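As stored in protein.txt (compact mmCIF, C-alpha atoms):
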# COMPACT_ATOMS: atom_id res chain seq x y z
CA MET A 6 -65.70 100.85 28.02
CA THR A 7 -66.18 103.76 30.40
CA ASP A 8 -65.90 103.77 34.15
CA GLN A 9 -67.62 106.19 36.44
CA THR A 10 -67.11 107.09 40.06
CA SER A 11 -70.07 108.03 42.23
CA PRO A 12 -71.68 111.36 41.21
CA HIS A 13 -71.85 112.16 44.91
CA ALA A 14 -68.11 111.77 45.51
CA PRO A 15 -66.69 114.65 47.60
CA HIS A 16 -64.34 117.18 45.98
CA GLY A 17 -60.67 116.63 46.71
CA PRO A 18 -57.73 114.73 45.28
CA ALA A 19 -58.52 113.01 41.99
CA THR A 20 -59.76 109.45 42.32
CA PRO A 21 -57.20 106.94 41.00
CA THR A 22 -58.03 105.69 37.53
CA ALA A 23 -59.82 102.35 37.53
CA PRO A 24 -58.02 99.48 35.79
CA ASP A 25 -59.18 98.31 32.38
CA LEU A 26 -61.83 95.61 32.68
CA PHE A 27 -62.96 92.88 30.29
CA THR A 28 -59.86 92.94 28.07
CA TRP A 29 -58.04 89.76 27.08
CA GLU A 30 -55.29 90.64 29.54
CA PHE A 31 -57.88 91.09 32.27
CA ALA A 32 -59.44 87.70 31.44
CA ALA A 33 -56.10 85.96 32.02
CA ASN A 34 -55.91 87.28 35.59
CA PRO A 35 -58.74 89.53 36.77
CA TYR A 36 -57.83 89.32 40.45
CA PRO A 37 -55.49 92.37 40.70
CA ALA A 38 -58.16 94.54 39.08
CA TYR A 39 -60.79 93.19 41.44
CA ALA A 40 -58.50 93.91 44.40
CA TRP A 41 -58.24 97.52 43.20
CA LEU A 42 -62.01 97.79 42.94
CA ARG A 43 -62.58 96.31 46.41
CA GLU A 44 -60.28 98.96 47.87
CA HIS A 45 -61.13 102.05 45.80
CA ALA A 46 -64.57 101.52 44.22
CA PRO A 47 -66.30 98.52 45.80
CA VAL A 48 -69.60 99.31 44.06
CA HIS A 49 -68.47 100.50 40.65
CA ARG A 50 -70.44 101.62 37.60
CA THR A 51 -68.95 100.55 34.29
CA GLU A 52 -69.87 100.06 30.66
CA LEU A 53 -69.79 96.39 29.72
CA PRO A 54 -68.54 95.06 26.36
CA SER A 55 -72.19 94.83 25.22
CA GLY A 56 -72.66 98.57 25.80
CA VAL A 57 -74.94 98.08 28.80
CA GLU A 58 -73.96 100.03 31.91
CA ALA A 59 -74.08 98.17 35.21
CA TRP A 60 -72.89 98.30 38.81
CA LEU A 61 -70.19 95.82 39.87
CA VAL A 62 -70.32 94.72 43.53
CA THR A 63 -66.92 93.40 44.65
CA ARG A 64 -66.74 93.15 48.47
CA TYR A 65 -67.88 89.96 50.20
CA ALA A 66 -70.27 91.56 52.70
CA ASP A 67 -71.89 93.70 49.99
CA ALA A 68 -72.05 90.76 47.60
CA ARG A 69 -73.75 88.51 50.14
CA GLN A 70 -76.26 91.27 50.92
CA ALA A 71 -76.99 91.90 47.25
CA LEU A 72 -77.47 88.22 46.42
CA ALA A 73 -80.19 87.96 49.07
CA ASP A 74 -81.82 91.38 48.49
CA GLN A 75 -85.25 90.85 46.89
CA ARG A 76 -85.28 94.49 45.75
CA LEU A 77 -82.81 93.24 43.14
CA SER A 78 -85.01 91.42 40.65
CA LYS A 79 -83.96 88.65 38.28
CA ASN A 80 -86.65 89.68 35.78
CA PRO A 81 -85.19 91.65 32.82
CA ALA A 82 -88.50 93.52 32.56
CA HIS A 83 -87.22 95.71 35.40
CA HIS A 84 -84.30 96.96 33.29
CA ASP A 85 -84.78 100.63 32.45
CA GLU A 86 -82.98 100.38 29.10
CA PRO A 87 -84.94 100.32 25.80
CA ALA A 88 -86.31 96.95 24.77
CA HIS A 89 -83.50 96.27 22.31
CA ALA A 90 -80.95 96.41 25.14
CA LYS A 91 -82.77 93.78 27.19
CA GLY A 92 -81.54 91.11 24.82
CA LYS A 93 -77.99 91.97 25.90
CA THR A 94 -78.55 90.93 29.49
CA GLY A 95 -79.33 87.23 29.22
CA ILE A 96 -78.64 84.12 27.18
CA PRO A 97 -78.62 84.92 23.42
CA GLY A 98 -81.77 83.65 21.78
CA GLU A 99 -83.66 82.65 24.93
CA ARG A 100 -86.32 85.35 24.43
CA LYS A 101 -87.14 84.40 20.83
CA ALA A 102 -87.11 80.71 21.78
CA GLU A 103 -89.66 81.38 24.57
CA LEU A 104 -87.29 80.08 27.21
CA MET A 105 -87.45 83.03 29.61
CA THR A 106 -89.57 81.37 32.31
CA HIS A 107 -86.72 79.68 34.16
CA LEU A 108 -85.29 80.17 37.63
CA LEU A 109 -82.61 82.68 36.56
CA ASN A 110 -85.18 85.13 35.15
CA ILE A 111 -88.05 85.16 37.65
CA ASP A 112 -88.81 86.34 41.17
CA PRO A 113 -91.13 85.20 43.95
CA PRO A 114 -93.88 84.10 43.98
CA ASP A 115 -93.32 82.45 40.55
CA HIS A 116 -89.74 81.57 41.50
CA THR A 117 -90.90 80.01 44.76
CA ARG A 118 -93.48 77.85 42.97
CA LEU A 119 -91.17 76.70 40.18
CA ARG A 120 -88.21 76.02 42.45
CA ARG A 121 -90.39 73.96 44.79
CA LEU A 122 -91.71 71.94 41.86
CA VAL A 123 -88.26 71.42 40.34
CA SER A 124 -86.67 70.56 43.68
CA LYS A 125 -88.99 67.57 43.94
CA ALA A 126 -87.38 66.16 40.82
CA PHE A 127 -83.80 67.29 41.55
CA THR A 128 -83.04 65.99 45.00
CA PRO A 129 -79.72 65.16 46.73
CA ARG A 130 -80.86 61.53 46.81
CA ARG A 131 -81.20 61.53 43.02
CA VAL A 132 -77.69 62.96 42.72
CA ALA A 133 -76.27 60.32 45.08
CA GLU A 134 -77.94 57.57 43.04
CA PHE A 135 -76.28 59.05 39.95
CA ALA A 136 -72.73 58.75 41.37
CA PRO A 137 -71.93 55.36 39.73
CA ARG A 138 -72.80 56.77 36.28
CA VAL A 139 -70.54 59.77 36.86
CA ARG A 140 -67.67 57.44 37.81
CA GLU A 141 -68.33 55.31 34.72
CA LEU A 142 -68.30 58.35 32.44
CA THR A 143 -65.12 59.65 34.06
CA ASP A 144 -63.28 56.36 33.61
CA ASP A 145 -64.50 55.98 30.02
CA LEU A 146 -63.36 59.46 29.02
CA ILE A 147 -59.92 59.06 30.56
CA GLY A 148 -59.65 55.68 28.87
CA ARG A 149 -60.02 57.33 25.48
CA PHE A 150 -56.72 59.23 25.82
CA ALA A 151 -54.82 57.36 28.54
CA GLU A 152 -52.70 55.35 26.06
CA ARG A 153 -51.72 58.47 24.15
CA GLY A 154 -49.84 60.23 26.94
CA SER A 155 -51.34 63.61 26.12
CA ALA A 156 -54.74 65.29 25.97
CA ASP A 157 -56.62 68.54 25.93
CA LEU A 158 -58.47 68.17 29.21
CA ILE A 159 -61.09 70.77 28.30
CA HIS A 160 -62.32 69.27 25.03
CA GLU A 161 -61.63 65.62 25.82
CA PHE A 162 -62.64 65.48 29.48
CA ALA A 163 -64.01 68.55 31.29
CA PHE A 164 -66.47 69.39 28.50
CA PRO A 165 -67.99 66.00 27.60
CA LEU A 166 -68.30 64.71 31.20
CA PRO A 167 -71.01 67.14 32.40
CA ILE A 168 -72.77 67.14 29.02
CA TYR A 169 -73.25 63.38 29.01
CA ALA A 170 -74.04 63.39 32.73
CA ILE A 171 -76.76 66.06 32.54
CA CYS A 172 -78.21 64.45 29.39
CA ASP A 173 -78.48 61.14 31.25
CA LEU A 174 -80.01 62.86 34.25
CA LEU A 175 -82.53 64.76 32.10
CA GLY A 176 -83.42 61.61 30.16
CA VAL A 177 -82.09 62.58 26.72
CA PRO A 178 -81.77 59.30 24.76
CA ARG A 179 -78.16 58.19 24.21
CA GLU A 180 -78.54 58.36 20.43
CA ASP A 181 -79.37 62.10 20.68
CA GLN A 182 -76.69 63.13 23.14
CA ASP A 183 -74.04 63.97 20.55
CA ASP A 184 -76.44 66.58 19.13
CA PHE A 185 -76.63 68.11 22.59
CA ARG A 186 -72.86 68.06 22.78
CA ASP A 187 -72.67 70.02 19.49
CA TRP A 188 -75.25 72.59 20.63
CA ALA A 189 -73.54 72.99 23.99
CA GLY A 190 -70.18 73.36 22.27
CA MET A 191 -71.54 76.29 20.28
CA MET A 192 -72.81 77.90 23.48
CA ILE A 193 -69.57 77.50 25.37
CA ARG A 194 -67.50 78.97 22.53
CA HIS A 195 -69.42 82.26 22.81
CA GLN A 196 -67.31 84.75 20.82
CA GLY A 197 -65.23 81.99 19.23
CA GLY A 198 -68.04 80.58 17.09
CA PRO A 199 -69.93 81.91 14.05
CA ARG A 200 -72.08 85.00 14.49
CA GLY A 201 -75.49 84.08 15.89
CA GLY A 202 -74.35 80.53 16.63
CA VAL A 203 -75.45 80.60 20.26
CA ALA A 204 -78.96 81.77 19.37
CA ARG A 205 -79.25 79.09 16.67
CA SER A 206 -78.13 76.42 19.12
CA VAL A 207 -80.67 77.65 21.67
CA LYS A 208 -83.42 77.49 19.03
CA MET A 209 -82.49 73.92 18.03
CA MET A 210 -82.28 72.82 21.64
CA ARG A 211 -85.67 74.41 22.35
CA GLY A 212 -87.29 72.55 19.46
CA TYR A 213 -85.77 69.25 20.54
CA LEU A 214 -86.77 69.69 24.20
CA SER A 215 -90.36 70.53 23.27
CA GLU A 216 -90.62 67.37 21.19
CA LEU A 217 -88.98 65.26 23.90
CA ILE A 218 -91.25 66.62 26.62
CA HIS A 219 -94.30 65.96 24.45
CA ARG A 220 -93.21 62.34 23.87
CA LYS A 221 -92.42 61.75 27.53
CA ARG A 222 -95.69 63.32 28.69
CA ALA A 223 -97.67 61.05 26.35
CA ALA A 224 -95.85 57.92 27.59
CA LEU A 225 -95.61 58.84 31.30
CA PRO A 226 -96.63 55.89 33.49
CA ALA A 227 -99.04 56.42 36.37
CA GLU A 228 -96.32 55.81 38.96
CA PRO A 229 -92.64 56.83 38.74
CA ALA A 230 -90.11 54.06 38.15
CA PRO A 231 -86.95 53.90 40.29
CA GLY A 232 -84.37 56.34 38.90
CA GLU A 233 -86.91 58.17 36.76
CA ASP A 234 -85.26 60.79 34.55
CA LEU A 235 -85.44 64.47 35.41
CA ILE A 236 -87.64 65.58 32.50
CA SER A 237 -90.22 62.96 33.45
CA GLY A 238 -89.90 64.20 37.02
CA LEU A 239 -90.47 67.78 35.89
CA ILE A 240 -93.59 66.71 34.00
CA ARG A 241 -94.82 64.77 37.01
CA ALA A 242 -93.93 67.42 39.59
CA SER A 243 -96.91 69.21 41.08
CA ASP A 244 -97.69 71.49 43.97
CA HIS A 245 -101.27 71.31 45.26
CA GLY A 246 -102.35 69.96 41.90
CA GLU A 247 -100.50 72.59 39.86
CA HIS A 248 -98.17 71.21 37.18
CA LEU A 249 -95.46 72.83 35.14
CA THR A 250 -96.67 74.02 31.75
CA GLU A 251 -94.88 72.64 28.71
CA ASN A 252 -93.12 76.00 28.22
CA GLU A 253 -92.05 76.02 31.88
CA ALA A 254 -90.79 72.42 31.67
CA ALA A 255 -88.84 73.20 28.49
CA ALA A 256 -87.33 76.35 30.02
CA MET A 257 -86.37 74.49 33.19
CA ALA A 258 -84.79 71.59 31.29
CA PHE A 259 -82.92 74.10 29.14
CA ILE A 260 -81.51 76.12 32.03
CA LEU A 261 -80.55 73.00 33.99
CA LEU A 262 -78.54 71.89 30.99
CA PHE A 263 -77.18 75.33 30.11
CA ALA A 264 -76.25 76.31 33.68
CA GLY A 265 -75.34 72.78 34.68
CA PHE A 266 -72.67 72.01 32.13
CA GLU A 267 -70.50 75.09 31.67
CA THR A 268 -70.08 75.64 35.41
CA THR A 269 -68.80 72.07 35.76
CA VAL A 270 -66.55 72.35 32.69
CA ASN A 271 -64.93 75.35 34.36
CA LEU A 272 -64.79 73.77 37.81
CA ILE A 273 -62.87 70.79 36.41
CA GLY A 274 -60.70 72.89 34.07
CA ASN A 275 -59.89 75.71 36.49
CA GLY A 276 -59.47 73.26 39.36
CA THR A 277 -57.06 71.02 37.47
CA PHE A 278 -55.06 74.05 36.31
CA ALA A 279 -54.84 75.36 39.88
CA LEU A 280 -53.59 72.00 41.16
CA LEU A 281 -51.01 71.67 38.38
CA THR A 282 -49.65 75.14 39.16
CA HIS A 283 -49.61 74.51 42.94
CA PRO A 284 -47.59 71.27 43.19
CA GLU A 285 -47.47 71.19 47.00
CA GLN A 286 -51.26 71.28 47.24
CA ARG A 287 -51.61 68.73 44.45
CA THR A 288 -49.19 66.36 46.25
CA ARG A 289 -51.13 66.75 49.49
CA LEU A 290 -54.32 65.73 47.73
CA GLN A 291 -52.74 62.78 45.94
CA ARG A 292 -51.33 61.44 49.21
CA SER A 293 -54.69 61.83 50.88
CA LEU A 294 -56.45 59.95 48.07
CA ALA A 295 -53.80 57.20 48.11
CA ALA A 296 -54.51 56.72 51.83
CA GLY A 297 -58.20 56.26 51.11
CA GLU A 298 -59.16 59.57 52.70
CA HIS A 299 -61.63 61.92 51.06
CA GLY A 300 -61.89 64.77 53.53
CA LEU A 301 -59.23 66.82 51.77
CA LEU A 302 -60.94 66.19 48.43
CA ALA A 303 -64.20 67.65 49.76
CA THR A 304 -62.63 70.75 51.33
CA GLY A 305 -60.28 71.02 48.35
CA VAL A 306 -63.10 71.31 45.82
CA GLU A 307 -64.67 74.04 47.95
CA GLU A 308 -61.34 75.86 48.00
CA LEU A 309 -60.99 75.54 44.23
CA LEU A 310 -64.48 77.02 43.88
CA ARG A 311 -63.39 79.96 46.02
CA TYR A 312 -59.90 80.43 44.61
CA ASP A 313 -60.70 80.45 40.89
CA GLY A 314 -64.31 79.42 40.55
CA PRO A 315 -66.32 78.67 37.40
CA VAL A 316 -68.72 81.62 37.73
CA GLU A 317 -66.99 85.01 37.74
CA LEU A 318 -70.08 87.21 38.00
CA ALA A 319 -73.50 86.20 39.27
CA THR A 320 -76.25 86.45 36.69
CA TRP A 321 -78.09 89.72 36.11
CA ARG A 322 -80.09 91.57 38.72
CA PHE A 323 -82.12 94.77 38.29
CA ALA A 324 -83.06 97.27 41.00
CA THR A 325 -86.84 97.49 41.38
CA GLN A 326 -86.54 100.61 43.55
CA PRO A 327 -83.80 102.98 44.69
CA LEU A 328 -81.46 101.27 47.16
CA THR A 329 -78.00 101.56 48.66
CA ILE A 330 -75.25 98.93 48.47
CA GLY A 331 -71.93 99.49 50.20
CA GLY A 332 -72.73 103.20 50.62
CA GLN A 333 -73.48 103.64 46.92
CA ASP A 334 -76.92 104.77 45.74
CA ILE A 335 -78.43 102.56 43.02
CA ALA A 336 -81.29 103.91 40.91
CA ALA A 337 -84.41 101.91 40.09
CA GLY A 338 -83.91 100.00 36.85
CA ASP A 339 -80.11 99.85 37.11
CA PRO A 340 -78.46 96.47 36.40
CA VAL A 341 -76.34 95.08 39.24
CA LEU A 342 -73.70 92.36 38.78
CA VAL A 343 -72.24 90.70 41.86
CA VAL A 344 -68.61 89.78 41.19
CA LEU A 345 -68.27 86.42 42.92
CA ALA A 346 -64.60 86.13 41.95
CA ALA A 347 -63.83 89.40 43.73
CA ALA A 348 -65.93 88.67 46.81
CA ASP A 349 -64.29 85.26 47.26
CA ARG A 350 -60.84 86.89 47.39
CA ASP A 351 -61.87 89.57 49.92
CA PRO A 352 -59.24 89.74 52.71
CA GLU A 353 -61.92 91.07 55.07
CA ARG A 354 -63.56 87.64 54.89
CA PHE A 355 -60.83 85.13 53.97
CA ALA A 356 -57.38 84.91 55.52
CA ASP A 357 -54.64 84.95 52.86
CA PRO A 358 -57.28 85.00 50.10
CA ASP A 359 -54.78 84.75 47.24
CA THR A 360 -53.31 81.54 48.70
CA LEU A 361 -54.67 78.15 47.62
CA ASP A 362 -55.20 76.03 50.75
CA LEU A 363 -57.11 72.80 50.11
CA SER A 364 -57.66 72.28 53.83
CA ARG A 365 -59.29 75.71 54.37
CA SER A 366 -62.12 75.05 56.81
CA ASP A 367 -63.87 78.43 57.20
CA ASN A 368 -64.86 78.66 53.57
CA GLN A 369 -68.35 80.07 53.05
CA HIS A 370 -67.56 81.07 49.49
CA LEU A 371 -70.16 82.45 47.11
CA GLY A 372 -69.17 80.27 44.16
CA TYR A 373 -72.70 78.90 43.77
CA GLY A 374 -74.47 82.04 44.92
CA HIS A 375 -76.46 82.76 48.06
CA GLY A 376 -80.09 83.20 49.01
CA ILE A 377 -83.13 81.98 47.10
CA HIS A 378 -81.18 81.75 43.82
CA TYR A 379 -78.48 79.46 45.24
CA CYS A 380 -77.52 77.03 42.48
CA LEU A 381 -79.96 74.12 42.38
CA GLY A 382 -77.38 71.92 40.62
CA ALA A 383 -74.56 72.50 43.11
CA PRO A 384 -74.68 68.93 44.54
CA LEU A 385 -74.28 67.43 41.05
CA ALA A 386 -71.47 69.84 40.16
CA ARG A 387 -69.64 68.96 43.38
CA LEU A 388 -70.06 65.24 42.68
CA GLU A 389 -68.69 65.63 39.15
CA GLY A 390 -65.84 67.89 40.28
CA GLN A 391 -64.73 65.58 43.09
CA THR A 392 -65.01 62.47 40.91
CA ALA A 393 -63.16 64.04 37.97
CA LEU A 394 -60.26 65.44 40.00
CA ALA A 395 -59.81 62.36 42.16
CA THR A 396 -59.82 60.03 39.14
CA LEU A 397 -57.42 62.19 37.13
CA LEU A 398 -54.89 62.44 39.97
CA THR A 399 -55.14 58.75 40.79
CA ARG A 400 -55.02 57.28 37.28
CA LEU A 401 -52.57 59.85 35.86
CA PRO A 402 -50.33 60.58 38.86
CA ASP A 403 -47.64 62.45 36.89
CA LEU A 404 -50.12 64.68 35.06
CA ARG A 405 -48.43 67.93 34.00
CA LEU A 406 -49.04 70.97 31.81
CA ALA A 407 -47.82 70.59 28.23
CA VAL A 408 -47.36 74.37 27.81
CA GLU A 409 -46.31 77.27 29.98
CA PRO A 410 -49.21 78.67 32.03
CA ALA A 411 -48.89 82.06 30.32
CA GLU A 412 -49.63 80.41 26.95
CA LEU A 413 -53.12 79.32 28.02
CA ARG A 414 -56.06 81.42 26.89
CA TRP A 415 -59.29 82.09 28.75
CA ARG A 416 -62.67 82.26 27.06
CA GLY A 417 -64.18 85.68 26.57
CA GLY A 418 -67.50 86.31 28.21
CA LEU A 419 -69.07 88.10 31.13
CA ILE A 420 -70.53 85.55 33.55
CA MET A 421 -68.36 82.44 33.32
CA ARG A 422 -64.62 81.99 33.82
CA GLY A 423 -62.93 79.10 32.05
CA LEU A 424 -60.00 78.00 29.95
CA ARG A 425 -60.28 77.51 26.20
CA THR A 426 -57.87 74.57 26.27
CA LEU A 427 -55.81 72.71 28.87
CA PRO A 428 -53.10 70.64 27.12
CA VAL A 429 -51.46 68.10 29.43
CA GLU A 430 -48.93 65.26 29.28
CA PHE A 431 -48.47 62.14 31.38
CA THR A 432 -46.96 58.68 31.26
CA PRO A 433 -49.12 56.64 28.85
CA LEU A 434 -51.16 53.84 30.38
CA ALA A 435 -51.33 50.54 28.52
CA GLY A 436 -54.60 48.80 27.73
CA ASN A 437 -56.93 51.73 28.44
CA GLY A 438 -58.09 52.52 24.96
CA THR A 439 -61.75 52.37 24.01
CA ASP A 440 -63.53 52.72 20.68
CA HIS A 441 -66.92 53.90 21.84
CA SER A 442 -68.43 57.15 22.95
CA PRO A 443 -69.51 57.37 26.60
CA ALA A 444 -72.84 58.64 25.30
CA GLN A 445 -73.52 55.32 23.59
CA ARG A 446 -72.98 53.00 26.51
Would you write out, as structure tokens, the structure that this file holds?
Amino acid sequence: MTDQTSPHAPHGPATPTAPDLFTWEFAANPYPAYAWLREHAPVHRTELPSGVEAWLVTRYADARQALADQRLSKNPAHHDEPAHAKGKTGIPGERKAELMTHLLNIDPPDHTRLRRLVSKAFTPRRVAEFAPRVRELTDDLIGRFAERGSADLIHEFAFPLPIYAICDLLGVPREDQDDFRDWAGMMIRHQGGPRGGVARSVKMMRGYLSELIHRKRAALPAEPAPGEDLISGLIRASDHGEHLTENEAAAMAFILLFAGFETTVNLIGNGTFALLTHPEQRTRLQRSLAAGEHGLLATGVEELLRYDGPVELATWRFATQPLTIGGQDIAAGDPVLVVLAAADRDPERFADPDTLDLSRSDNQHLGYGHGIHYCLGAPLARLEGQTALATLLTRLPDLRLAVEPAELRWRGGLIMRGLRTLPVEFTPLAGNGTDHSPAQR
């Protein structure tokens, strides 16, 4: 990896050497390196592990500007690299699987049309109606390990909860949901799985979604039933008589699943880890929940999203014309990555940014983005995060790490930030065992 300072930097004392980025040591705690970049090179050009060179934007004000700047396109066609490099800037296999026409890869006016259509099927009301199912899944998953007194909260809880939830919301039949769990598991392992495993999983998921959409379209009733699933809603959604094509519906279902599960896995995993390593804050939250109050839970989840959120870097953007960010000139075609994790620890925006404060009120973090690409699934992720954390702390009040924090390993990858495992211990609960999968209920 190479790092470059601005070619227009004035002559004078040598610029301090930038810290190493994207190493395993960096993954364990990237925040000191991001603090260095905010101070010395807030818009910093670097070579990524894939070999692609990109600009990293690390200050809050610059990040917020960049996220809303429509001169920064989401369409990889604007990348000035040769065609073979374009495959390094998105989800492996999405191009070959014809899944590019989703909200993370398009700009207005196509983005405006698709988001408006999808929003009709993915409303806050639908999420609120889904709350009982999320609570049921949460209780069922905890029940599977509660008698044991130990668990890996990533693989046994944080990972399956959003997979089963989004499958239910999309309308994937219960008998097929374990296949989705396997495909999603391959995606989330990234570098830890077999070579090409992500692309193969994307291809299998694409084939399944196409078949499912075809079946649902053929059987779609004239009027929607109460609680209609999201894929049926996507098929039904129209704007002035214009419907989603089958490719568009498949791409949208795919990205809602892909983007909607790993972010929540990391929110639950990172959030639980933060609480277990900040006992005073964890005790505050437990006392609040015991008193039947939920205000601290709501502000607490927002603080966990800011403090060590699930998305480290916003997804790719490409300059469509020359522009300036934070005083740095960006050439047309250059990739730009907004570092949400750095922006959300910016002391110019957040008081005591390296302190976890669950009651932080002025907390306009960028954990779910900003502008027209603000995360469509944020309400569902918040519901799942609040439900998961509240249930864990209530049912397993003496929950504790089973290893030293330094022994935990973080998954490699560019966009997401999450733990590989989270082994915990607690006092076993009697009579909580279950012999069925939550997906089969």
Exercise. Contacts of region 399-402 of chain A at 7 Å or less, counting only C-alpha atoms, minus same-chain residues fewer than 3 places along, as a ChimeraX atom specification?
Worked result: /A:291,395-396,431
Residues of the last selection are to be written out with C-alpha atoms, as a PDB file, in the coordinates of the input.
ATOM      1  CA  GLN A 291     -52.740  62.780  45.940  1.00  0.00           C
ATOM      2  CA  ALA A 395     -59.810  62.360  42.160  1.00  0.00           C
ATOM      3  CA  THR A 396     -59.820  60.030  39.140  1.00  0.00           C
ATOM      4  CA  PHE A 431     -48.470  62.140  31.380  1.00  0.00           C
TER       5      PHE A 431
END
For this session: Would you mind telling me which residue in A:Leu119, A:Ala348, A:Leu424, A:Ser55 lies nearest to Ala32 (chain A) when using only C-alpha atoms?
Result: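 Among A:Leu119, A:Ala348, A:Leu424, A:Ser55, it is A:Leu424 that comes nearest to Ala32 (chain A).
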Exercise. Nearest to Pro137 (chain A): which of A:Ala156, A:Leu214, A:Ala170, A:Val57 is it, counting all atoms listed in the file?
Worked result: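 Nearest to Pro137 (chain A): A:Ala170.
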Exercise. Can you list, as a ChimeraX atom specification, every protein, DNA or RNA residue that comes within 8 Å of Leu225 (chain A) when you count all atoms listed in the file, leaving out same-chain residues fewer than 3 positions away?
Worked result: /A:221-222,237
Exercise. Do you know which residues are at most 12 Å from Leu361 (chain A) counting only C-alpha atoms, after dropping those on the same chain fewer than 6 positions away, and could you put them as number ranges by chain?
Worked result: A: 276, 279-287, 304-313, 349-350, 355, 368
Residues from last step as file, C-alpha atoms, as a short mmCIF file (atom, residue, chain, number, x, y, z; two decimals), keeping the file's coordinate frame:
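Result saved to selection.cif:
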data_model
loop_
_atom_site.label_atom_id
_atom_site.label_comp_id
_atom_site.auth_asym_id
_atom_site.auth_seq_id
_atom_site.Cartn_x
_atom_site.Cartn_y
_atom_site.Cartn_z
CA GLY A 276 -59.47 73.26 39.36
CA ALA A 279 -54.84 75.36 39.88
CA LEU A 280 -53.59 72.00 41.16
CA LEU A 281 -51.01 71.67 38.38
CA THR A 282 -49.65 75.14 39.16
CA HIS A 283 -49.61 74.51 42.94
CA PRO A 284 -47.59 71.27 43.19
CA GLU A 285 -47.47 71.19 47.00
CA GLN A 286 -51.26 71.28 47.24
CA ARG A 287 -51.61 68.73 44.45
CA THR A 304 -62.63 70.75 51.33
CA GLY A 305 -60.28 71.02 48.35
CA VAL A 306 -63.10 71.31 45.82
CA GLU A 307 -64.67 74.04 47.95
CA GLU A 308 -61.34 75.86 48.00
CA LEU A 309 -60.99 75.54 44.23
CA LEU A 310 -64.48 77.02 43.88
CA ARG A 311 -63.39 79.96 46.02
CA TYR A 312 -59.90 80.43 44.61
CA ASP A 313 -60.70 80.45 40.89
CA ASP A 349 -64.29 85.26 47.26
CA ARG A 350 -60.84 86.89 47.39
CA PHE A 355 -60.83 85.13 53.97
CA ASN A 368 -64.86 78.66 53.57
#
Problem set entry | Residue nearest Trp60 (chain A) among A:Gly372, A:Gly331, A:Pro384, A:Pro231 (counting only C-alpha atoms) | A:Gly331
For this session: For region 269-271 of chain A, list every protein, DNA or RNA residue within 8 Å, evaluated using all atoms listed in the file, and leave out those in the same chain fewer than 6 positions away; present the list as a list of chain:residue names.
Result: A:Ile159, A:Ala163, A:Phe164, A:Leu166, A:Pro167, A:Gly314, A:Pro315, A:Ala386, A:Glu389, A:Gly390, A:Met421, A:Arg422, A:Gly423, A:Leu424
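For the set A:Pro340, A:Gly148, A:Pro226, A:Gly190, the residue with the smallest atom-to-atom gap to Arg50 (chain A) is A:Pro340, counting all atoms listed in the file.
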Exercise. From the set A:Leu398, A:Leu42, A:Ile240, A:Pro21, which residue has the shortest atom-to-atom contact distance to Ala227 (chain A), counting all atoms listed in the file?
Worked result: A:Ile240
Exercise. In terms of the shortest atom-to-atom distance over only C-alpha atoms, which of A:Pro229, A:Arg179, A:Thr28, A:Thr63 is closest to Glu44 (chain A)?
Worked result: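 Looking at the shortest contact to Glu44 (chain A), the residue is A:Thr63.
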